[in-house]
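Heads up: the structure comes next, in structure tokens.
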Amino acid sequence: MTHGHIASPGAAASAREPSTGWCVLEPARVLADLRSSEDRGLSPEEASARLATYGPNVLVESARRGTLRMVIAQFSDVMVLVLLGAAVIAGLLGEWEDIVAILAVVMLNAVLGFVQELRAERAVAALRALSAPLARVRRNAVDNLIPAATLVPGDVVLLEAGNVVPADLRLVSVRRLRVEEAALTGESEPTEKTADAIAEVVLALGDRRNMAYKGTVVSYGRATGVVVATGTRTELGRIASLMQ
């Protein structure tokens, strides 16, 4: 299994493909693999132990560079240094047209690189803003509102209309649930969800109708889901990591 996508304490779960393997299993099997229970959830002690293993359910932010450092970084690439060296040689030979052409390419590259890096930082910040601050979780058969950052694989999460999905979940019971997934799939219409296993492994994220993903929004209905991935292991975390 590629651990960058889905985390599981269960040995059987670790053999499945990331993000897609949970879809083909019945809810009871998913809960068994994650050593959890829909009625009771995890114990506080088990949740604490898993939090120590998997870390907090947050999108890790890389060290941000200042504007000046971002500009300087555009001129530190090997190919840029080669071009600048070529410009110096052209200057010694009196090839002024070549100097102008080379410097124009270097400056254009620097501007494009700076703008791209700036946009990437803003995009990652926007993804972090999608994270839910709180989640309603069942632990020891008691439903409580806890910081979403403390969620761990195996936690049983309760969803209702208006909630932001706090982690990647395999839905185990559904009541007319619809989830707005435009942030991940681009689909303008909410996706109708089910708890039933999917007969085939579906690669397209939007077709995994028994999954709910971190950062998406419940637009209608209710559901109970079990956490299968947190933090950077979620689909939202994977996108943020690629941008960084």
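Each chain in the structure tokens gets a letter, A, B and so on, in the order shown; residues start at 1 in every chain, and ligands are counted from 1 in the order they appear.
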
*range 68-136 of chain A: residues DSSP assigns to helix (DSSP H, G or I), reported as a ChimeraX atom specification*: /A:68-73,78-92,96-129

_Those in range 7-216 of chain A with strand (DSSP E or B) from DSSP, as a ChimeraX atom specification_ = /A:41-42,134-139,142-147,156-160,164,168-180,191-192,211-212

Produce a file of the selected residues containing N, CA, C and O atoms, as a compact mmCIF listing (two decimals), in the first residue's frame.
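Just written: result-v1.txt:
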```
# COMPACT_ATOMS: atom_id res chain seq x y z
N GLY A 41 -17.31 3.30 18.50
CA GLY A 41 -16.16 4.06 18.05
C GLY A 41 -14.89 3.58 18.75
O GLY A 41 -14.83 2.44 19.24
N LEU A 42 -13.91 4.44 18.84
CA LEU A 42 -12.67 4.12 19.53
C LEU A 42 -12.76 4.54 21.00
O LEU A 42 -13.56 5.39 21.37
N LEU A 134 -13.91 21.62 13.68
CA LEU A 134 -14.48 20.68 14.65
C LEU A 134 -15.13 19.50 13.94
O LEU A 134 -15.48 19.58 12.76
N ALA A 135 -15.28 18.40 14.68
CA ALA A 135 -15.94 17.21 14.14
C ALA A 135 -16.73 16.53 15.25
O ALA A 135 -16.29 16.49 16.40
N ARG A 136 -17.91 16.00 14.88
CA ARG A 136 -18.70 15.24 15.86
C ARG A 136 -18.29 13.77 15.74
O ARG A 136 -18.46 13.14 14.71
N VAL A 137 -17.74 13.26 16.83
CA VAL A 137 -17.12 11.94 16.83
C VAL A 137 -17.71 11.08 17.94
O VAL A 137 -18.04 11.57 19.02
N ARG A 138 -17.82 9.79 17.64
CA ARG A 138 -18.32 8.82 18.63
C ARG A 138 -17.13 8.07 19.23
O ARG A 138 -16.43 7.34 18.52
N ARG A 139 -16.93 8.26 20.52
CA ARG A 139 -15.88 7.54 21.23
C ARG A 139 -16.45 6.97 22.51
O ARG A 139 -17.10 7.68 23.27
N VAL A 142 -20.13 7.52 23.10
CA VAL A 142 -20.60 8.87 23.42
C VAL A 142 -20.23 9.81 22.27
O VAL A 142 -19.08 9.81 21.81
N ASP A 143 -21.21 10.60 21.80
CA ASP A 143 -20.97 11.54 20.71
C ASP A 143 -20.51 12.88 21.28
O ASP A 143 -21.20 13.47 22.11
N ASN A 144 -19.36 13.33 20.81
CA ASN A 144 -18.80 14.58 21.30
C ASN A 144 -18.29 15.42 20.13
O ASN A 144 -17.92 14.88 19.08
N LEU A 145 -18.24 16.73 20.34
CA LEU A 145 -17.66 17.65 19.37
C LEU A 145 -16.21 17.87 19.79
O LEU A 145 -15.94 18.36 20.89
N ILE A 146 -15.26 17.48 18.90
CA ILE A 146 -13.84 17.58 19.23
C ILE A 146 -13.11 18.33 18.12
O ILE A 146 -13.61 18.45 17.00
N PRO A 147 -11.90 18.82 18.39
CA PRO A 147 -11.11 19.44 17.32
C PRO A 147 -10.82 18.42 16.21
O PRO A 147 -10.39 17.30 16.49
N VAL A 156 -15.16 7.14 14.41
CA VAL A 156 -16.50 7.17 13.80
C VAL A 156 -17.01 8.60 13.84
O VAL A 156 -17.14 9.20 14.91
N VAL A 157 -17.28 9.16 12.66
CA VAL A 157 -17.67 10.56 12.52
C VAL A 157 -19.13 10.65 12.09
O VAL A 157 -19.57 9.90 11.21
N LEU A 158 -19.87 11.58 12.70
CA LEU A 158 -21.27 11.81 12.35
C LEU A 158 -21.37 13.06 11.49
O LEU A 158 -20.83 14.11 11.84
N LEU A 159 -22.06 12.94 10.36
CA LEU A 159 -22.20 14.05 9.42
C LEU A 159 -23.66 14.46 9.29
O LEU A 159 -24.55 13.61 9.36
N GLU A 160 -23.89 15.75 9.08
CA GLU A 160 -25.21 16.25 8.76
C GLU A 160 -25.07 17.47 7.86
O GLU A 160 -23.96 17.98 7.66
N VAL A 164 -18.61 20.42 7.16
CA VAL A 164 -17.44 20.19 6.31
C VAL A 164 -16.86 18.83 6.70
O VAL A 164 -16.64 18.57 7.90
N ASP A 168 -10.89 11.95 5.39
CA ASP A 168 -11.39 11.01 4.39
C ASP A 168 -12.13 9.89 5.11
O ASP A 168 -11.56 9.23 5.99
N LEU A 169 -13.40 9.67 4.74
CA LEU A 169 -14.25 8.71 5.43
C LEU A 169 -14.75 7.64 4.48
O LEU A 169 -15.05 7.92 3.32
N ARG A 170 -14.88 6.41 5.00
CA ARG A 170 -15.66 5.37 4.32
C ARG A 170 -17.01 5.39 5.00
O ARG A 170 -17.13 5.17 6.22
N LEU A 171 -18.07 5.72 4.26
CA LEU A 171 -19.40 5.83 4.83
C LEU A 171 -19.91 4.45 5.23
O LEU A 171 -19.81 3.50 4.45
N VAL A 172 -20.48 4.35 6.43
CA VAL A 172 -20.98 3.06 6.91
C VAL A 172 -22.49 3.05 7.06
O VAL A 172 -23.11 1.98 7.09
N SER A 173 -23.11 4.22 7.19
CA SER A 173 -24.57 4.31 7.16
C SER A 173 -24.94 5.68 6.60
O SER A 173 -24.30 6.68 6.94
N VAL A 174 -25.97 5.70 5.75
CA VAL A 174 -26.31 6.92 5.01
C VAL A 174 -27.81 7.14 5.03
O VAL A 174 -28.59 6.20 4.86
N ARG A 175 -28.22 8.39 5.22
CA ARG A 175 -29.62 8.79 5.13
C ARG A 175 -29.74 9.93 4.12
O ARG A 175 -29.56 11.09 4.47
N ARG A 176 -29.94 9.58 2.88
CA ARG A 176 -30.15 10.54 1.79
C ARG A 176 -29.05 11.59 1.75
O ARG A 176 -29.30 12.78 1.61
N LEU A 177 -27.84 11.12 1.85
CA LEU A 177 -26.70 12.04 1.92
C LEU A 177 -26.29 12.54 0.54
O LEU A 177 -26.17 11.77 -0.41
N ARG A 178 -26.04 13.84 0.45
CA ARG A 178 -25.46 14.45 -0.74
C ARG A 178 -24.31 15.34 -0.31
O ARG A 178 -24.43 16.09 0.65
N VAL A 179 -23.21 15.25 -1.05
CA VAL A 179 -22.00 15.98 -0.68
C VAL A 179 -21.52 16.82 -1.85
O VAL A 179 -21.44 16.33 -2.98
N GLU A 180 -21.21 18.07 -1.58
CA GLU A 180 -20.67 18.99 -2.58
C GLU A 180 -19.16 18.75 -2.67
O GLU A 180 -18.41 19.04 -1.74
N THR A 191 -22.99 15.23 -5.00
CA THR A 191 -22.95 13.79 -5.29
C THR A 191 -23.79 13.04 -4.27
O THR A 191 -23.65 13.23 -3.06
N GLU A 192 -24.69 12.19 -4.76
CA GLU A 192 -25.50 11.37 -3.87
C GLU A 192 -24.66 10.19 -3.38
O GLU A 192 -24.02 9.50 -4.17
N MET A 211 -17.56 7.04 -0.34
CA MET A 211 -16.52 7.77 0.35
C MET A 211 -16.91 9.24 0.50
O MET A 211 -17.63 9.78 -0.34
N ALA A 212 -16.42 9.88 1.56
CA ALA A 212 -16.57 11.32 1.73
C ALA A 212 -15.18 11.87 2.05
O ALA A 212 -14.46 11.29 2.88
```

*Could you check how far CA of Thr216 in chain A sits from CA of Leu184 in chain A, in Å to one decimal?*
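Computed distance, CA of Thr216 in chain A to CA of Leu184 in chain A, equals 7.6 Å.
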
I'd like the neighbourhood of Leu236 in chain A as a PDB file with N, CA, C and O atoms, in the first residue's frame, where a residue qualifies if any of its atoms comes within 7 Å (using only C-alpha atoms), though same-chain residues fewer than 2 positions away should be ignored.
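In the end it all went to result17.pdb:
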```
ATOM      1  N   LYS A 214     -12.156  14.812   2.878  1.00  0.00           N
ATOM      2  CA  LYS A 214     -11.798  15.996   3.667  1.00  0.00           C
ATOM      3  C   LYS A 214     -11.952  17.263   2.833  1.00  0.00           C
ATOM      4  O   LYS A 214     -11.488  17.328   1.694  1.00  0.00           O
ATOM      5  N   GLY A 215     -12.608  18.278   3.404  1.00  0.00           N
ATOM      6  CA  GLY A 215     -12.755  19.557   2.731  1.00  0.00           C
ATOM      7  C   GLY A 215     -14.009  19.700   1.904  1.00  0.00           C
ATOM      8  O   GLY A 215     -14.350  20.812   1.496  1.00  0.00           O
ATOM      9  N   THR A 234      -4.820  12.337   3.214  1.00  0.00           N
ATOM     10  CA  THR A 234      -6.120  12.507   2.564  1.00  0.00           C
ATOM     11  C   THR A 234      -5.930  12.949   1.117  1.00  0.00           C
ATOM     12  O   THR A 234      -4.833  13.352   0.707  1.00  0.00           O
ATOM     13  N   ARG A 238      -2.975  15.254  -0.325  1.00  0.00           N
ATOM     14  CA  ARG A 238      -2.141  14.865  -1.477  1.00  0.00           C
ATOM     15  C   ARG A 238      -2.023  16.011  -2.465  1.00  0.00           C
ATOM     16  O   ARG A 238      -0.937  16.296  -2.978  1.00  0.00           O
ATOM     17  N   ILE A 239      -3.140  16.703  -2.709  1.00  0.00           N
ATOM     18  CA  ILE A 239      -3.122  17.848  -3.630  1.00  0.00           C
ATOM     19  C   ILE A 239      -2.227  18.960  -3.069  1.00  0.00           C
ATOM     20  O   ILE A 239      -1.423  19.559  -3.791  1.00  0.00           O
ATOM     21  N   ALA A 240      -2.366  19.231  -1.769  1.00  0.00           N
ATOM     22  CA  ALA A 240      -1.553  20.265  -1.135  1.00  0.00           C
ATOM     23  C   ALA A 240      -0.069  19.926  -1.204  1.00  0.00           C
ATOM     24  O   ALA A 240       0.775  20.794  -1.464  1.00  0.00           O
TER      25      ALA A 240
END
```

Could you list, with a cut-off of 6 Å and counting only C-alpha atoms, the residues of range 35-67 of chain A near range 148-151 of chain A, each shown with its nearest atom pair and the distance in Å rounded to one decimal, rows sorted by chain and ascending number, as a tab-separated table?
```
residue	atom	partner	partner_atom	distance
A:Pro56	CA	A:Ala149	CA	5.2
A:Asn57	CA	A:Ala149	CA	4.3
A:Val58	CA	A:Ala149	CA	5.7
```

_I'd like the contact shell of range 23-31 of chain A - 10 Å cut-off, only C-alpha atoms, skipping same-chain residues fewer than 4 positions apart - returned as a ChimeraX atom specification._
/A:8,10,12-13,19,35-38,41,154-156,170-173,195-202,207-211,225-228

*Return the single residue from A:Thr230, A:Ser48, A:Ser241, A:Thr224 that is closest to Ala167 in chain A, with distances computed using only C-alpha atoms.*
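Result for the nearest residue to Ala167 in chain A: A:Thr230.
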
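Residue nearest Ala183 in chain A, chosen from A:Leu205, A:Ala161, A:Leu108, A:Ala49 and counting only C-alpha atoms: A:Leu205.
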
*Å distance separating CA of Gly21 in chain A from CA of Glu45 in chain A, one decimal place*: 27.5 Å

_Non-local contacts of Ala73 in chain A (10 Å; only C-alpha atoms; under 4 positions in same chain excluded) as a list in words_ = Arg65, Thr67, Leu68, Arg69, Asp77, Ala110, Gly113 and Phe114 of chain A

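Closest to Gly221 in chain A among A:Val105, A:Pro44, A:Gly162, A:Ala87 is A:Gly162, based on only C-alpha atoms.
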
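Nearest residue to Asp39 in chain A, choosing from A:Thr53, A:Asn163, A:Ala141, A:Gly231 and counting only C-alpha atoms: A:Ala141.
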
*Which of these residues is nearest to Ile89 in chain A, using only C-alpha atoms: A:Asn140, A:Ile102, A:Asp33, A:Glu187?*
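Using only C-alpha atoms, the shortest distance to Ile89 in chain A belongs to A:Ile102.
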
*asked:* I'd like the interatomic distance between CA of Thr232 in chain A and CA of Val71 in chain A, to a tenth of an Å.
replied: 28.2 Å
